[in-house]
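Notes to accompany the following structure.
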Amino acid sequence: MENNKSFHRTLALSDEILLSIDKPARYIGGEVNMVVKNPREMDIRFCMCFPDVYEVGMSHLGIQILYDMFNQRPDTYCERVYSPWPDMDAVLREKNIPLFALESQEPLKNFDFLGITLQYEMCYTNILQILDLAKIPLHATDRTEEDPIVIGGGPCAYNPEPIAEFFDFFYLGEGETVYNEILDKYKEHKACGKSRREFLEIVADIEGMYVPQFYDVAYHEDGTLKSFTPNNAHAKKKIRKQVEMNLSDTFYPKKPLVPYIRAIQDRVVLEIQRGCIRGCRFCQAGMLYRPIRERDVSYLKETAREMLRSTGHEEISLSSLSSSDYSCLKELVYFLIDEFQGEGVNISLPSLRIDAFALDVMNKVQDITKSSLTFAPEAGSQRMRNVINKGLTQEDILNGAMQAFVGGWNKVKLYFMLGLPGEQEEDIRGIAELSNEIAKAYYTIPKSERNGKVQITTSTSFFVPKPFTPFQWVRMDTAEEFMEKRKVLSAAIKEQLNAKSIKYNWHDTDVTMLEGVFARGDRRCAALLEGAYKDGCRFDSWSEYFRKDIWDRQFEKTGLSMEFYTSRERDKDELFPWDFIDVGVTKSFLYREYEKSKQAVVTPNCRKGCAGCGAKQFHGGVCYEPRNEAGESLHTQVLIPDC
Amino acid sequence: MNVRIRFAKYSSMKFIGHLDVMRYFQKAVRRSGINIAYSQGYHPHQIMSFAAPLGVGITSDTEFMDLELKESYPAKKLVECLNEAMTEGFSITGCRYLPDPENGRKRETAMSLITCADYLVSLKDGYPFLPKDELYPRFAEFAAQEQIPVTKEVKKSNSEKELDLKSFFYASGSSMDTFRAAYPVTADYYEAAGAGLDRYISGTPTFADCYENGTTLVMRLSAGSANNIKPELVLEAFCAYLGVEYNPFAWQIHRFGMYTGENPKLMTLI
């Protein structure tokens, strides 16, 4: 590249280090489609961070979108950093090597911005690891003009309070909308040599930006939040999330990065829509990303072609919360099959409802003797599925499974949650019974037409209530209750006639409990986090690195109570730490949904009728699709089962 | 039709292991748009085979992979096309279309043909060793012994076996240039059979890293599926001979030639 003349890229680590640690490819950059610029010629240096190991972080679409968007600016060089694996963490500390970005291999400290994506709570200690190894002060208020501005974004930014003091500001919502404005303002600001604080005031004036240090919090004696007040004239009382309403005319990475080592997503990811019409009451994404907005099918076809060509990937995966609800799904999928299957491209369709179309597609794209079908009924009994508003009946599941069995499949995976609000023993037993019913259905097929034995894998996770869901008020089970329920289910599965065909997997409770704390935590939780990090916690989502003993000690040290955050039913009018954020969906709608859940009453999906959630204020998406007199969307080709 | 591709692997790509290199080339061929043949079945894969995997940390001027194509391209165009899909650290330096095997015989892959490889070993800066001028004379002395006993790890049985390197250690030198002048390989394996087949070799210099201390050694060793001798094994034995500790991090190994035939009647593969 022309502008690369005066900058020679040298690795930050010696051969000796790279040959002594696991997977050196995590730290050398140089991947296919990596953007090369001369950092010396840039006005703005931005480092995007996914606070987990490289193979996980490289699989994240959001970073690829922003990486591409920022690097389209001639004045900006966007680079990347991921969490150094514990072996590398030890080397960096021992040799006192500052954490560096993959592109230029230069220390993060040299950057103007460090943008950290927050995808799950259990990566929070990794954020502190990144800051610490980069030699950036952990607390935003301790940073000087020499330090990068640290930004947080992503789903966990919707309750940023447990990590608020570690960030200069949070970007609430979708990055496509105002990031360019922020960078433009930063450039002006940098040119006139103004202070860090003045820049944060400029940021606070932009819609969707939250600067934690501009707010004070106070608590009631019982520990609940009393007030949340701006202490700076630029800080808004209520901050509205950013939404990109036109997804067919915006940034999308046509040349995504392709790592040398196998990432979790070793494929082209095509995001077909954002948001979800379903309104499952446990699902945070389903509420946060309302309203559903589709990308134009011809735009997707063209984008798929370009991305397959620029990456050389052998697989393409459609990404969305519920692919079956995309109105041109058939057209898109058959196009992909016709166009690319001959070139050995595999097509993967997660989150697809099982119907005739899905089976036809899977027949074409998968080897049925090897693949398994996945269903996520989430709850075992019909009553409980109504409580969570999962519009799926036992009949739907059995019909879907049966069609698949007739088509030759014999492996089924089932996902459920334990600890849903109002769960009774019969709901738990329902999981075992449904698993058994599916196995039973298989054996109704004559032996000569069956493909061996049926294999059912039933997995449960423990339910964690999340902010901005109808269940944000509910009491979460304790670890003991979870374990008890797990035992009940284990025993119930063993009692089933087809017990031998059912394998049961469950998740760990300890990590789930902590997730519960941080999901609905407040600013006081930062002390827990910082203490745990300093005592050695990181990679908490990796069971081999999770240190329950250290976390237990932090609760003792700080005097905070796990039960206060997890196992406590909230009052209707309790002020939540995240209430200052306006996600479109209103608190009153969420409470209405919570009340309906207690009656096990379902709410129709957005295309069947508008439930008045509040997302209409964004002026687009499903809220404005043409409707018939009954209020049903006229969007064609969508087959919506009764729910 | 089948074509053999020669490529170099250098710079930071030396940290990428063989399995990842194979994945890299599968994707690179797709990016290049070259019409490669696929196997049949639900999960078709490209018909592609690699010769003699290179260890992590080692660089090379001469790696080979054989491809089966559904369409023929002029050799030079094929090289250019593939080079456009390369990242820094990989470079396509030549290709040759392969003659079809005689009736009833299996196609010979580069993997099955290789018998010998040339390695340049450079002392990295910051790792003290013998003075530059003393190194090669001692190495020649080491190579000239009646027997060169070493212990070789046997991966399959997880054991060790005693081995005399002597018959697998074909030649030594002090630098790539002097070695090439002393032991040139000019014969071509395909000359008789495939004289008419299209071939392109780019005149690229070596991709080997240079170090300020300038201390180098060269060795020609038996390679391939039968008696693959790793240069590390020789270095380790040499250090033992000198009575000094072998530090694997002190040496940069670079492969710069791979041949077929029986030493000393070696032939090029491309």
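Ligands are numbered from 1 in the order shown, chains are lettered A, B, ... in the order of the structure tokens, and residues start at 1 in each chain.
Summary of the local environment: counting only C-alpha atoms, residues at most 6 Å from stretch 18-31 of chain B, other than itself and those fewer than 6 positions away along its chain, are Tyr260, Ile261, Arg309, Ser310, Gly312 and His313 of chain A; Pro53 and Ala85 of chain B.
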Could you save the residues just selected, with N, CA and C atoms, as a PDB file, in the first residue's frame?
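Result file is out_11.pdb:
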```
ATOM      1  N   TYR A 260      -6.547 -16.942  10.580  1.00  0.00           N
ATOM      2  CA  TYR A 260      -5.802 -18.145  10.185  1.00  0.00           C
ATOM      3  C   TYR A 260      -6.219 -19.340  11.013  1.00  0.00           C
ATOM      4  N   ILE A 261      -6.464 -19.095  12.306  1.00  0.00           N
ATOM      5  CA  ILE A 261      -6.909 -20.221  13.125  1.00  0.00           C
ATOM      6  C   ILE A 261      -8.424 -20.234  13.119  1.00  0.00           C
ATOM      7  N   ARG A 309     -16.950 -14.199  -1.990  1.00  0.00           N
ATOM      8  CA  ARG A 309     -15.811 -13.992  -2.872  1.00  0.00           C
ATOM      9  C   ARG A 309     -14.611 -13.398  -2.110  1.00  0.00           C
ATOM     10  N   SER A 310     -14.880 -12.455  -1.235  1.00  0.00           N
ATOM     11  CA  SER A 310     -13.767 -11.753  -0.588  1.00  0.00           C
ATOM     12  C   SER A 310     -13.145 -12.545   0.563  1.00  0.00           C
ATOM     13  N   GLY A 312     -13.528 -16.253   0.803  1.00  0.00           N
ATOM     14  CA  GLY A 312     -13.229 -17.636   0.440  1.00  0.00           C
ATOM     15  C   GLY A 312     -13.828 -18.635   1.410  1.00  0.00           C
ATOM     16  N   HIS A 313     -14.736 -18.180   2.279  1.00  0.00           N
ATOM     17  CA  HIS A 313     -15.358 -19.106   3.231  1.00  0.00           C
ATOM     18  C   HIS A 313     -16.140 -20.193   2.501  1.00  0.00           C
TER      19      HIS A 313
ATOM     20  N   PRO B  53       4.807 -31.230   5.343  1.00  0.00           N
ATOM     21  CA  PRO B  53       4.418 -30.136   6.233  1.00  0.00           C
ATOM     22  C   PRO B  53       5.622 -29.432   6.861  1.00  0.00           C
ATOM     23  N   ALA B  85      -4.735 -13.352  -4.111  1.00  0.00           N
ATOM     24  CA  ALA B  85      -5.491 -13.801  -2.944  1.00  0.00           C
ATOM     25  C   ALA B  85      -4.597 -14.041  -1.723  1.00  0.00           C
TER      26      ALA B  85
END
```
### Query
DSSP on the backbone: what in stretch 76-250 of chain B comes out strand (DSSP E or B), as a ChimeraX atom specification?
/B:90-97,114-123,149-154,159-164,169-173,188,199-201,216-222
Atoms kept (C-alpha atoms) for selection, written as an mmCIF file, in the first residue's frame:
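Generated file (again_36.cif):
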```
data_model
loop_
_atom_site.group_PDB
_atom_site.id
_atom_site.type_symbol
_atom_site.label_atom_id
_atom_site.label_comp_id
_atom_site.auth_asym_id
_atom_site.auth_seq_id
_atom_site.Cartn_x
_atom_site.Cartn_y
_atom_site.Cartn_z
ATOM 1 C CA PHE B 90 2.645 -16.165 1.565
ATOM 2 C CA SER B 91 3.825 -15.848 -2.028
ATOM 3 C CA ILE B 92 3.183 -18.057 -5.034
ATOM 4 C CA THR B 93 6.494 -18.405 -6.877
ATOM 5 C CA GLY B 94 5.760 -20.901 -9.597
ATOM 6 C CA CYS B 95 3.562 -23.578 -11.058
ATOM 7 C CA ARG B 96 3.701 -26.423 -13.513
ATOM 8 C CA TYR B 97 1.023 -28.501 -15.161
ATOM 9 C CA ILE B 114 9.969 -35.775 -2.162
ATOM 10 C CA THR B 115 13.168 -37.371 -0.977
ATOM 11 C CA CYS B 116 15.380 -34.510 0.031
ATOM 12 C CA ALA B 117 15.318 -30.928 1.352
ATOM 13 C CA ASP B 118 17.812 -28.085 1.759
ATOM 14 C CA TYR B 119 17.789 -25.943 4.867
ATOM 15 C CA LEU B 120 19.405 -22.655 5.778
ATOM 16 C CA VAL B 121 19.986 -22.241 9.498
ATOM 17 C CA SER B 122 20.623 -18.706 10.758
ATOM 18 C CA LEU B 123 21.681 -17.696 14.227
ATOM 19 C CA PRO B 149 24.429 -41.022 16.247
ATOM 20 C CA VAL B 150 21.261 -39.260 17.376
ATOM 21 C CA THR B 151 18.142 -40.148 19.301
ATOM 22 C CA LYS B 152 14.970 -39.643 17.344
ATOM 23 C CA GLU B 153 11.523 -39.461 18.844
ATOM 24 C CA VAL B 154 9.056 -41.885 17.345
ATOM 25 C CA SER B 159 9.324 -43.849 22.161
ATOM 26 C CA GLU B 160 12.816 -43.029 20.998
ATOM 27 C CA LYS B 161 15.076 -44.781 18.593
ATOM 28 C CA GLU B 162 18.796 -44.600 17.953
ATOM 29 C CA LEU B 163 19.691 -43.443 14.486
ATOM 30 C CA ASP B 164 22.855 -42.790 12.535
ATOM 31 C CA PHE B 169 22.853 -36.083 5.907
ATOM 32 C CA TYR B 170 23.766 -35.482 2.276
ATOM 33 C CA ALA B 171 25.725 -32.245 2.232
ATOM 34 C CA SER B 172 26.575 -29.136 4.242
ATOM 35 C CA GLY B 173 27.627 -25.571 3.569
ATOM 36 C CA ASP B 188 14.058 -31.943 -13.883
ATOM 37 C CA ARG B 199 5.331 -24.044 -16.536
ATOM 38 C CA TYR B 200 6.120 -20.712 -14.918
ATOM 39 C CA ILE B 201 8.792 -19.908 -12.375
ATOM 40 C CA THR B 216 24.581 -19.280 8.901
ATOM 41 C CA LEU B 217 24.808 -22.965 8.084
ATOM 42 C CA VAL B 218 23.296 -25.012 5.299
ATOM 43 C CA MET B 219 22.343 -28.681 5.253
ATOM 44 C CA ARG B 220 20.828 -31.084 2.759
ATOM 45 C CA LEU B 221 18.830 -33.785 4.504
ATOM 46 C CA SER B 222 16.738 -36.772 3.643
#
```
### Query
Could you name the residues that touch A:Lys254 at 7 Å or less, counting only C-alpha atoms, but leaving out those on the same chain fewer than 2 positions away, as a PyMOL selection string?
chain A and resi 252+256+303+306-307
Contacts from chain A to chain B, 8 Å maximum, only C-alpha atoms: show me the residue list as a short mmCIF file (atom, residue, chain, number, x, y, z; two decimals) with N, CA and C atoms, in the first residue's frame.
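Generated output (out-v9.cif):
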```
data_model
loop_
_atom_site.label_atom_id
_atom_site.label_comp_id
_atom_site.auth_asym_id
_atom_site.auth_seq_id
_atom_site.Cartn_x
_atom_site.Cartn_y
_atom_site.Cartn_z
N LEU A 11 6.28 -7.16 14.67
CA LEU A 11 5.52 -7.82 15.72
C LEU A 11 5.94 -7.30 17.09
N ASP A 15 10.05 -13.84 18.65
CA ASP A 15 9.84 -15.22 18.20
C ASP A 15 9.79 -16.17 19.39
N GLU A 16 10.68 -15.92 20.33
CA GLU A 16 10.80 -16.83 21.47
C GLU A 16 9.48 -16.87 22.25
N LEU A 18 6.45 -15.99 21.02
CA LEU A 18 5.39 -16.54 20.16
C LEU A 18 5.50 -18.05 19.98
N LEU A 19 6.72 -18.56 20.05
CA LEU A 19 6.88 -20.01 19.90
C LEU A 19 6.70 -20.75 21.22
N PRO A 24 0.00 -18.86 18.56
CA PRO A 24 0.57 -17.53 18.32
C PRO A 24 -0.27 -16.69 17.35
N ALA A 25 -1.07 -17.34 16.50
CA ALA A 25 -1.87 -16.60 15.52
C ALA A 25 -2.84 -15.63 16.19
N ILE A 28 -0.67 -12.07 16.19
CA ILE A 28 0.18 -11.52 15.13
C ILE A 28 -0.59 -10.71 14.09
N GLY A 30 -2.41 -9.58 10.73
CA GLY A 30 -2.03 -9.93 9.35
C GLY A 30 -3.04 -10.80 8.65
N GLU A 31 -4.27 -10.89 9.17
CA GLU A 31 -5.27 -11.78 8.58
C GLU A 31 -5.73 -11.27 7.21
N VAL A 32 -6.39 -12.18 6.50
CA VAL A 32 -7.01 -11.83 5.23
C VAL A 32 -7.99 -10.68 5.47
N TYR A 260 -6.55 -16.94 10.58
CA TYR A 260 -5.80 -18.15 10.19
C TYR A 260 -6.22 -19.34 11.01
N ILE A 261 -6.46 -19.09 12.31
CA ILE A 261 -6.91 -20.22 13.12
C ILE A 261 -8.42 -20.23 13.12
N ARG A 262 -8.99 -21.38 13.36
CA ARG A 262 -10.42 -21.54 13.23
C ARG A 262 -11.16 -20.77 14.32
N LEU A 308 -18.71 -13.95 0.08
CA LEU A 308 -18.14 -15.27 -0.19
C LEU A 308 -16.89 -15.12 -1.04
N ARG A 309 -16.95 -14.20 -1.99
CA ARG A 309 -15.81 -13.99 -2.87
C ARG A 309 -14.61 -13.40 -2.11
N SER A 310 -14.88 -12.46 -1.23
CA SER A 310 -13.77 -11.75 -0.59
C SER A 310 -13.15 -12.55 0.56
N THR A 311 -13.88 -13.52 1.10
CA THR A 311 -13.34 -14.29 2.22
C THR A 311 -12.87 -15.67 1.80
N GLY A 312 -13.53 -16.25 0.80
CA GLY A 312 -13.23 -17.64 0.44
C GLY A 312 -13.83 -18.63 1.41
N HIS A 313 -14.74 -18.18 2.28
CA HIS A 313 -15.36 -19.11 3.23
C HIS A 313 -16.14 -20.19 2.50
N GLU A 314 -16.25 -21.37 3.14
CA GLU A 314 -16.96 -22.50 2.57
C GLU A 314 -18.37 -22.57 3.11
N GLY A 344 -19.50 -25.77 -3.62
CA GLY A 344 -19.10 -26.36 -2.34
C GLY A 344 -19.38 -25.47 -1.15
N ASN A 346 -21.48 -24.43 1.96
CA ASN A 346 -22.45 -25.00 2.88
C ASN A 346 -23.34 -23.86 3.41
N VAL A 365 -29.09 -29.22 2.16
CA VAL A 365 -27.81 -28.67 2.61
C VAL A 365 -27.09 -29.51 3.65
N GLN A 366 -27.75 -30.53 4.19
CA GLN A 366 -27.08 -31.28 5.26
C GLN A 366 -27.07 -32.77 4.98
N ASP A 367 -26.12 -33.41 5.59
CA ASP A 367 -26.07 -34.86 5.57
C ASP A 367 -26.89 -35.33 6.77
#
```
### Task
Tell me, in Å to one decimal, how far atom CA of A:Thr458 is from atom CA of A:Tyr289.
28.9 Å
### Message
Using DSSP assignments from the backbone, pull out every residue in stretch 255-289 of chain A that falls under alpha helix (DSSP H) and give it to me as a list of chain:residue names.
### Response
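Put together, the selection reads A:Gln284, A:Ala285, A:Gly286, A:Met287, A:Leu288.
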Set the distance at 8 Å and use only C-alpha atoms: which residues neighbour stretch 170-187 of chain A once local chain neighbours fewer than 6 positions away are removed? I'd like the list as a compact mmCIF listing (two decimals) with N, CA and C atoms, in the first residue's frame.
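The file below, out-v8.txt, is the result:
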```
# COMPACT_ATOMS: atom_id res chain seq x y z
N ASP A 43 -5.57 10.92 11.92
CA ASP A 43 -6.01 11.84 12.97
C ASP A 43 -6.57 11.08 14.16
N ILE A 44 -7.22 9.96 13.85
CA ILE A 44 -7.90 9.23 14.92
C ILE A 44 -7.47 7.77 14.90
N LEU A 66 -18.28 -2.33 12.58
CA LEU A 66 -17.69 -1.05 12.98
C LEU A 66 -16.26 -0.91 12.44
N MET A 69 -16.66 0.20 8.99
CA MET A 69 -17.21 1.55 8.94
C MET A 69 -16.15 2.60 9.30
N PHE A 70 -15.43 2.35 10.36
CA PHE A 70 -14.40 3.31 10.78
C PHE A 70 -13.27 3.41 9.75
N ILE A 151 -14.77 3.39 25.62
CA ILE A 151 -16.19 3.37 25.29
C ILE A 151 -16.73 1.95 25.45
N GLY A 152 -17.95 1.83 25.96
CA GLY A 152 -18.61 0.53 26.02
C GLY A 152 -19.84 0.52 25.12
N GLY A 153 -20.16 -0.64 24.57
CA GLY A 153 -21.36 -0.76 23.73
C GLY A 153 -21.79 -2.21 23.69
N GLY A 154 -22.90 -2.50 23.03
CA GLY A 154 -23.38 -3.89 22.97
C GLY A 154 -24.48 -4.13 23.98
N ALA A 157 -24.49 -3.07 27.65
CA ALA A 157 -24.47 -1.63 27.91
C ALA A 157 -25.86 -1.14 28.32
N TYR A 158 -26.88 -1.98 28.14
CA TYR A 158 -28.23 -1.58 28.55
C TYR A 158 -28.44 -1.67 30.05
N PRO A 160 -25.43 -0.65 32.21
CA PRO A 160 -23.98 -0.43 32.31
C PRO A 160 -23.52 -0.20 33.74
N PHE A 199 -14.48 17.14 26.14
CA PHE A 199 -14.91 16.23 25.08
C PHE A 199 -16.09 15.37 25.56
N ILE A 202 -19.21 17.19 25.22
CA ILE A 202 -19.69 17.20 23.82
C ILE A 202 -20.41 15.88 23.53
N VAL A 203 -19.79 14.79 23.98
CA VAL A 203 -20.38 13.46 23.76
C VAL A 203 -21.75 13.36 24.42
N ILE A 206 -24.78 14.27 22.57
CA ILE A 206 -25.23 13.45 21.43
C ILE A 206 -26.20 12.40 21.95
N GLY A 208 -28.10 9.17 22.81
CA GLY A 208 -27.69 7.78 22.96
C GLY A 208 -26.39 7.60 23.74
N MET A 209 -25.74 8.73 24.11
CA MET A 209 -24.44 8.60 24.79
C MET A 209 -24.61 8.82 26.28
N TYR A 210 -24.01 7.93 27.05
CA TYR A 210 -24.12 7.97 28.51
C TYR A 210 -22.72 8.13 29.11
N VAL A 211 -22.51 9.23 29.82
CA VAL A 211 -21.23 9.49 30.48
C VAL A 211 -21.45 9.29 31.99
N ARG A 240 -31.82 7.97 25.09
CA ARG A 240 -32.57 7.16 24.15
C ARG A 240 -31.61 6.33 23.29
N LYS A 241 -31.91 5.04 23.14
CA LYS A 241 -31.03 4.16 22.36
C LYS A 241 -30.99 4.58 20.89
N GLN A 242 -29.90 4.25 20.23
CA GLN A 242 -29.74 4.52 18.81
C GLN A 242 -30.25 3.35 17.98
N VAL A 243 -31.02 3.65 16.94
CA VAL A 243 -31.52 2.58 16.06
C VAL A 243 -31.27 2.96 14.61
N GLU A 244 -30.72 2.02 13.86
CA GLU A 244 -30.55 2.24 12.43
C GLU A 244 -31.82 1.74 11.74
N THR A 250 -26.83 0.91 4.57
CA THR A 250 -25.96 1.32 5.66
C THR A 250 -24.68 0.51 5.57
N PHE A 251 -23.88 0.55 6.61
CA PHE A 251 -22.59 -0.12 6.57
C PHE A 251 -22.75 -1.62 6.78
```
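In terms of minimum interatomic distance to A:Pro604, A:Gly279 ranks closest within A:Pro291, A:Pro230, A:Gly279, A:Pro51, counting only C-alpha atoms.
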### Task
Tell me, in Å to one decimal, how far atom CA of A:Pro74 is from atom CA of A:Val36.
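Between atom CA of A:Pro74 and atom CA of A:Val36 the gap works out to 11.7 Å.
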### Gap from atom CA of B:Ser175 to atom CA of A:Ile17 - Å, one decimal
27.4 Å
#### Entry: Residue neighbourhood A:Ile397, 10 Å, only C-alpha atoms, exclusion window fewer than 2 positions, as a ChimeraX atom specification
/A:353-354,375-377,392-395,399-403,434,437-438
